[in-house]
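Have a look at input12.txt; it's compact mmCIF, C-alpha atoms:
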# COMPACT_ATOMS: atom_id res chain seq x y z
CA ASP A 1 26.83 29.93 -64.14
CA THR A 2 24.21 32.25 -62.66
CA GLY A 3 21.66 31.90 -65.45
CA VAL A 4 18.32 30.12 -65.45
CA SER A 5 18.64 26.36 -65.12
CA GLN A 6 16.14 23.63 -65.91
CA ASP A 7 16.07 19.97 -65.03
CA PRO A 8 15.88 17.53 -66.65
CA ARG A 9 17.03 18.62 -70.09
CA HIS A 10 15.30 15.71 -71.76
CA LYS A 11 12.43 13.50 -70.65
CA ILE A 12 10.93 10.56 -72.49
CA THR A 13 7.78 9.15 -70.98
CA LYS A 14 4.93 6.87 -71.93
CA ARG A 15 1.47 8.19 -72.50
CA GLY A 16 -0.50 8.33 -69.28
CA GLN A 17 2.49 8.84 -67.01
CA ASN A 18 3.04 11.91 -64.86
CA VAL A 19 6.12 14.12 -65.29
CA THR A 20 7.56 17.01 -63.31
CA PHE A 21 10.03 19.63 -64.47
CA ARG A 22 12.04 22.02 -62.35
CA CYS A 23 13.22 25.56 -63.04
CA ASP A 24 15.73 27.53 -60.98
CA PRO A 25 15.56 31.21 -61.91
CA ILE A 26 18.26 33.83 -61.55
CA SER A 27 18.38 34.33 -57.80
CA GLU A 28 17.32 37.97 -57.56
CA HIS A 29 14.50 37.65 -60.11
CA ASN A 30 11.04 37.66 -58.54
CA ARG A 31 9.11 37.00 -61.77
CA LEU A 32 8.99 33.58 -63.41
CA TYR A 33 7.31 32.41 -66.60
CA TRP A 34 6.71 29.04 -68.22
CA TYR A 35 6.37 28.75 -71.99
CA ARG A 36 5.88 25.82 -74.35
CA GLN A 37 7.53 25.61 -77.75
CA THR A 38 6.60 23.11 -80.44
CA LEU A 39 8.63 22.42 -83.56
CA GLY A 40 8.55 25.28 -86.03
CA GLN A 41 6.76 27.64 -83.67
CA GLY A 42 7.67 30.37 -81.26
CA PRO A 43 7.20 29.87 -77.52
CA GLU A 44 3.65 30.15 -76.15
CA PHE A 45 2.93 31.47 -72.68
CA LEU A 46 1.69 28.98 -70.11
CA THR A 47 1.82 30.59 -66.68
CA TYR A 48 3.36 33.39 -64.61
CA PHE A 49 4.51 33.72 -61.01
CA GLN A 50 5.39 36.82 -59.07
CA ASN A 51 7.27 35.59 -56.04
CA GLU A 52 5.23 32.59 -54.87
CA ALA A 53 1.90 33.77 -56.29
CA GLN A 54 0.65 32.30 -59.56
CA LEU A 55 -0.95 35.34 -61.11
CA GLU A 56 -1.87 34.18 -64.58
CA LYS A 57 -2.54 30.94 -66.44
CA SER A 58 -3.05 30.54 -70.16
CA ARG A 59 -6.07 28.75 -71.56
CA LEU A 60 -3.46 26.40 -73.07
CA LEU A 61 -2.87 25.11 -69.55
CA SER A 62 -5.39 22.30 -69.17
CA ASP A 63 -6.31 20.90 -65.77
CA ARG A 64 -3.67 18.20 -66.27
CA PHE A 65 -1.02 20.89 -65.85
CA SER A 66 -0.09 22.39 -62.50
CA ALA A 67 2.72 24.69 -61.51
CA GLU A 68 4.09 25.83 -58.19
CA ARG A 69 6.73 28.18 -56.91
CA PRO A 70 7.10 27.53 -53.19
CA LYS A 71 8.76 30.34 -51.26
CA GLY A 72 9.24 32.29 -54.47
CA SER A 73 12.39 30.44 -55.43
CA PHE A 74 12.45 27.47 -57.83
CA SER A 75 9.35 26.43 -59.74
CA THR A 76 7.95 23.08 -60.81
CA LEU A 77 5.64 22.26 -63.69
CA GLU A 78 3.78 18.96 -63.48
CA ILE A 79 1.88 17.28 -66.26
CA GLN A 80 -0.46 14.48 -65.23
CA ARG A 81 -1.66 11.71 -67.55
CA THR A 82 0.60 12.84 -70.37
CA GLU A 83 -0.64 12.77 -73.95
CA GLN A 84 1.32 12.68 -77.19
CA GLY A 85 0.25 16.26 -77.85
CA ASP A 86 2.21 17.32 -74.77
CA SER A 87 5.47 16.58 -76.58
CA ALA A 88 7.26 19.91 -76.77
CA MET A 89 10.09 21.99 -75.33
CA TYR A 90 9.12 23.53 -72.00
CA LEU A 91 10.94 26.78 -71.35
CA CYS A 92 11.29 28.70 -68.13
CA ALA A 93 12.20 32.38 -68.00
CA SER A 94 12.87 34.78 -65.16
CA GLN A 95 12.74 38.53 -64.95
CA ALA A 96 13.78 41.12 -62.42
CA GLY A 97 11.07 43.41 -61.11
CA GLY A 98 11.26 46.78 -62.87
CA SER A 99 12.96 45.38 -65.96
CA TYR A 100 11.40 44.16 -69.18
CA GLU A 101 13.69 41.47 -70.55
CA GLN A 102 13.16 37.84 -69.70
CA TYR A 103 16.07 35.42 -69.40
CA PHE A 104 15.39 31.90 -70.57
CA GLY A 105 16.69 28.56 -69.42
CA PRO A 106 17.83 25.84 -71.83
CA GLY A 107 14.46 24.12 -71.73
CA THR A 108 13.21 20.61 -71.02
CA ARG A 109 12.38 18.59 -74.10
CA LEU A 110 9.49 16.23 -73.42
CA THR A 111 8.75 13.30 -75.68
CA VAL A 112 5.60 11.30 -74.99
CA THR A 113 5.56 7.88 -76.67
CA ALA B 1 -5.80 41.00 -81.56
CA GLN B 2 -2.22 41.11 -80.34
CA SER B 3 0.13 39.35 -82.75
CA VAL B 4 3.59 39.20 -84.23
CA ALA B 5 4.43 38.19 -87.78
CA GLN B 6 7.77 37.12 -89.16
CA PRO B 7 7.07 36.86 -92.87
CA GLU B 8 10.22 34.95 -93.81
CA ASP B 9 10.80 31.38 -92.68
CA GLN B 10 14.45 31.62 -93.72
CA VAL B 11 16.90 34.33 -94.67
CA ASN B 12 20.10 33.53 -96.50
CA VAL B 13 23.00 35.97 -96.57
CA ALA B 14 26.67 35.83 -97.45
CA GLU B 15 29.22 36.46 -94.73
CA GLY B 16 30.19 40.10 -94.60
CA ASN B 17 26.96 41.30 -96.17
CA PRO B 18 24.31 43.24 -94.25
CA LEU B 19 21.36 41.25 -92.94
CA THR B 20 17.76 42.09 -92.16
CA VAL B 21 15.22 39.87 -90.40
CA LYS B 22 11.71 41.26 -90.66
CA CYS B 23 9.05 41.58 -87.97
CA THR B 24 5.66 43.27 -87.93
CA TYR B 25 3.34 43.53 -84.98
CA SER B 26 -0.24 44.29 -84.07
CA VAL B 27 -1.04 45.62 -80.61
CA SER B 28 -3.33 48.17 -79.08
CA GLY B 29 -1.40 50.93 -77.38
CA ASN B 30 2.33 51.43 -77.32
CA PRO B 31 4.29 48.28 -78.16
CA TYR B 32 7.09 46.80 -76.11
CA LEU B 33 9.17 44.84 -78.62
CA PHE B 34 11.95 42.27 -78.25
CA TRP B 35 14.32 40.15 -80.31
CA TYR B 36 15.65 36.82 -79.10
CA VAL B 37 18.04 34.33 -80.72
CA GLN B 38 17.97 30.56 -80.28
CA TYR B 39 20.92 28.31 -81.02
CA PRO B 40 20.43 24.53 -81.39
CA ASN B 41 19.58 22.76 -78.13
CA ARG B 42 19.73 26.00 -76.19
CA GLY B 43 17.23 28.40 -74.72
CA LEU B 44 16.42 31.82 -76.09
CA GLN B 45 18.98 34.56 -75.61
CA PHE B 46 17.88 38.17 -75.29
CA LEU B 47 19.28 40.44 -78.01
CA LEU B 48 17.55 43.80 -77.65
CA LYS B 49 14.36 45.59 -76.77
CA TYR B 50 12.37 48.69 -77.67
CA ILE B 51 10.32 50.26 -74.92
CA THR B 52 10.40 53.96 -75.72
CA GLY B 53 12.77 56.60 -77.03
CA ASP B 54 15.12 56.39 -80.01
CA ASN B 55 13.70 54.32 -82.86
CA LEU B 56 17.09 52.68 -83.52
CA VAL B 57 17.93 50.26 -80.75
CA LYS B 58 21.36 48.67 -80.35
CA GLY B 59 21.80 45.26 -78.81
CA SER B 60 24.15 42.38 -78.28
CA TYR B 61 26.63 40.95 -80.82
CA GLY B 62 26.43 44.00 -83.11
CA PHE B 63 22.70 43.66 -83.80
CA GLU B 64 20.34 46.59 -83.96
CA ALA B 65 16.66 47.03 -84.70
CA GLU B 66 14.61 49.84 -86.11
CA PHE B 67 11.18 50.60 -84.69
CA ASN B 68 8.78 52.06 -87.26
CA LYS B 69 5.43 52.99 -85.77
CA SER B 70 3.72 53.90 -89.04
CA GLN B 71 4.64 50.56 -90.60
CA THR B 72 4.21 48.66 -87.30
CA SER B 73 7.57 47.03 -87.89
CA PHE B 74 10.62 46.17 -85.81
CA HIS B 75 13.20 44.74 -88.21
CA LEU B 76 16.46 43.27 -86.92
CA LYS B 77 19.62 44.34 -88.70
CA LYS B 78 23.35 43.84 -88.69
CA PRO B 79 25.81 45.67 -90.96
CA SER B 80 28.10 42.69 -91.55
CA ALA B 81 26.92 39.10 -91.02
CA LEU B 82 29.07 36.37 -89.49
CA VAL B 83 28.73 32.63 -90.04
CA SER B 84 28.30 32.36 -86.26
CA ASP B 85 25.11 34.48 -86.53
CA SER B 86 23.37 31.48 -88.12
CA ALA B 87 20.52 30.64 -85.75
CA LEU B 88 16.77 30.96 -85.21
CA TYR B 89 15.56 34.48 -84.48
CA PHE B 90 12.32 35.35 -82.71
CA CYS B 91 10.53 38.66 -82.53
CA ALA B 92 8.21 39.17 -79.56
CA VAL B 93 5.79 41.76 -78.25
CA ARG B 94 4.52 42.26 -74.75
CA ASP B 95 0.92 41.10 -74.46
CA LEU B 96 -0.86 44.24 -73.34
CA ARG B 97 -4.06 42.40 -72.49
CA ASP B 98 -2.59 41.32 -69.17
CA GLY B 99 -2.35 43.23 -65.93
CA GLY B 100 1.22 44.32 -66.52
CA TYR B 101 2.74 40.88 -66.21
CA ASN B 102 4.89 41.24 -69.30
CA LYS B 103 4.12 37.88 -70.85
CA LEU B 104 5.35 37.76 -74.43
CA ILE B 105 3.75 36.85 -77.74
CA PHE B 106 6.34 35.40 -80.10
CA GLY B 107 6.50 35.17 -83.85
CA ALA B 108 7.06 31.80 -85.50
CA GLY B 109 10.75 32.51 -85.95
CA THR B 110 13.09 33.13 -88.87
CA ARG B 111 16.03 30.89 -89.56
CA LEU B 112 19.10 32.89 -90.54
CA ALA B 113 21.73 31.10 -92.59
CA VAL B 114 25.00 32.94 -93.17
CA HIS B 115 27.14 31.33 -95.85
CA PRO B 116 30.95 31.68 -95.99
Once you've parsed the file, please lay out its structure as structure tokens.
Amino acid sequence: DTGVSQDPRHKITKRGQNVTFRCDPISEHNRLYWYRQTLGQGPEFLTYFQNEAQLEKSRLLSDRFSAERPKGSFSTLEIQRTEQGDSAMYLCASQAGGSYEQYFGPGTRLTVT
Amino acid sequence: AQSVAQPEDQVNVAEGNPLTVKCTYSVSGNPYLFWYVQYPNRGLQFLLKYITGDNLVKGSYGFEAEFNKSQTSFHLKKPSALVSDSALYFCAVRDLRDGGYNKLIFGAGTRLAVHP
């Protein structure tokens, strides 16, 4: 399967713990996005990478959130000191330069207890 | 403000009948519009897009969408619904406030239920 992959698919953590999610985009795609989706809502943009550069961050992304994309390949999203309000599906999408459609991974469902 | 509205939480249709899932948008400038479908426990799958050109756009799985600039709408359609089309459908518009980074603003989604 050459689509976007995300790991883990599910994560249950206790409030206050740190979590890290990984996204592997389609190999030739240089653009990578993170979105968050809560129940009954559409995805909301969190952050964007072009190659290894993080070019945009949403105001939704508090200072407890950090994302990286070393060497312009896979990306990680870390949440420090998790809160119950962080419970959501975290989606990663990749896009080829010059195209408009984004291809989404299956998501990581985070539950903070 | 840039926004997308999907006025129906759920659409019910009988198998074999035509279906329409509604979407209206608000953007400054020319809109770049998208439809995605989400099946349970899976990510979003791209269905179709409108960037420019013909107002009727054809996409995957027999879906099409009609761009109407005067009504600021981009409704998703299919001539004959299948039970397997039952899923959550999202309309999205490119957020033109950015520097060309193509981040998307999504509607809240419409659940399509196709009954045998």
Who sits within 8 Å of B:Val57, only C-alpha atoms, same chain under 3 positions skipped, as a VMD selection string: chain B and resid 48 to 50 54 64 to 67
Quick one: distance from atom CA of B:Asn41 to atom CA of A:Ser94 in Å, one decimal? 18.9 Å
Distance criterion (only C-alpha atoms): nearest to chain A out of B:Lys22, B:Arg97, B:His75, B:Lys103: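 Nearest to chain A: B:Lys103.
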Which residues of chain B have any atom within 12 Å of an atom in chain A when counting all atoms listed in the file, and what is the closest pair of atoms for each, with the distance in Å to one decimal? Order the rows by chain and rising number and write it as a tab-separated table.
residue	atom	partner	partner_atom	distance
B:Ser3	CA	A:Gly42	CA	11.8
B:Val4	CA	A:Gly42	CA	10.2
B:Ala5	CA	A:Gly42	CA	10.7
B:Gln6	CA	A:Gly42	CA	10.4
B:Asp9	CA	A:Gly40	CA	9.3
B:Gln10	CA	A:Gly40	CA	11.6
B:Tyr32	CA	A:Tyr100	CA	8.6
B:Leu33	CA	A:Tyr100	CA	9.7
B:Phe34	CA	A:Glu101	CA	7.9
B:Trp35	CA	A:Glu101	CA	9.9
B:Tyr36	CA	A:Gln102	CA	9.8
B:Val37	CA	A:Phe104	CA	10.8
B:Gln38	CA	A:Pro106	CA	9.7
B:Tyr39	CA	A:Pro106	CA	10.0
B:Pro40	CA	A:Pro106	CA	10.0
B:Asn41	CA	A:Pro106	CA	7.2
B:Arg42	CA	A:Pro106	CA	4.8
B:Gly43	CA	A:Pro106	CA	3.9
B:Leu44	CA	A:Phe104	CA	5.6
B:Gln45	CA	A:Phe104	CA	6.7
B:Phe46	CA	A:Tyr103	CA	6.7
B:Leu47	CA	A:Glu101	CA	9.4
B:Leu48	CA	A:Glu101	CA	8.4
B:Lys49	CA	A:Glu101	CA	7.5
B:Tyr50	CA	A:Tyr100	CA	9.7
B:Ile51	CA	A:Tyr100	CA	8.4
B:Thr52	CA	A:Tyr100	CA	11.8
B:Leu88	CA	A:Gly42	CA	9.9
B:Tyr89	CA	A:Gly42	CA	9.5
B:Phe90	CA	A:Gly42	CA	7.0
B:Cys91	CA	A:Gly42	CA	8.9
B:Ala92	CA	A:Gly42	CA	9.0
B:Val93	CA	A:Tyr100	CA	10.9
B:Arg94	CA	A:Tyr100	CA	9.1
B:Asp95	CA	A:Phe45	CA	10.0
B:Arg97	CA	A:Glu56	CA	11.6
B:Asp98	CA	A:Glu56	CA	8.5
B:Gly99	CA	A:Glu56	CA	9.2
B:Gly100	CA	A:Tyr100	CA	10.5
B:Tyr101	CA	A:Tyr48	CA	7.7
B:Asn102	CA	A:Tyr100	CA	7.1
B:Lys103	CA	A:Phe45	CA	6.8
B:Leu104	CA	A:Phe45	CA	7.0
B:Ile105	CA	A:Glu44	CA	6.9
B:Phe106	CA	A:Gly42	CA	5.3
B:Gly107	CA	A:Gly42	CA	5.6
B:Ala108	CA	A:Gly42	CA	4.5
B:Gly109	CA	A:Gly42	CA	6.0
B:Thr110	CA	A:Gly40	CA	9.5
B:Arg111	CA	A:Gly40	CA	10.0
For A:Asn51, which residue among A:Asn18, A:Gln80, A:Asn30, A:His10 is the nearest when counting all atoms listed in the file?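 The closest residue to A:Asn51 is A:Asn30.
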Interatomic distance, atom CA of B:Ala87 to atom CA of B:Ala113 (Å, one decimal):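 Separation between atom CA of B:Ala87 and atom CA of B:Ala113: 7.0 Å.
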Could you tell me how far atom CA of A:Arg64 lies from atom CA of A:Gln17, in Å and to one decimal?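 These atoms are spaced 11.2 Å apart.
Proximity ranking of A:Thr76, A:Ser87, A:Gln54, A:Thr82 relative to A:Cys23 places A:Thr76 first, based on only C-alpha atoms.
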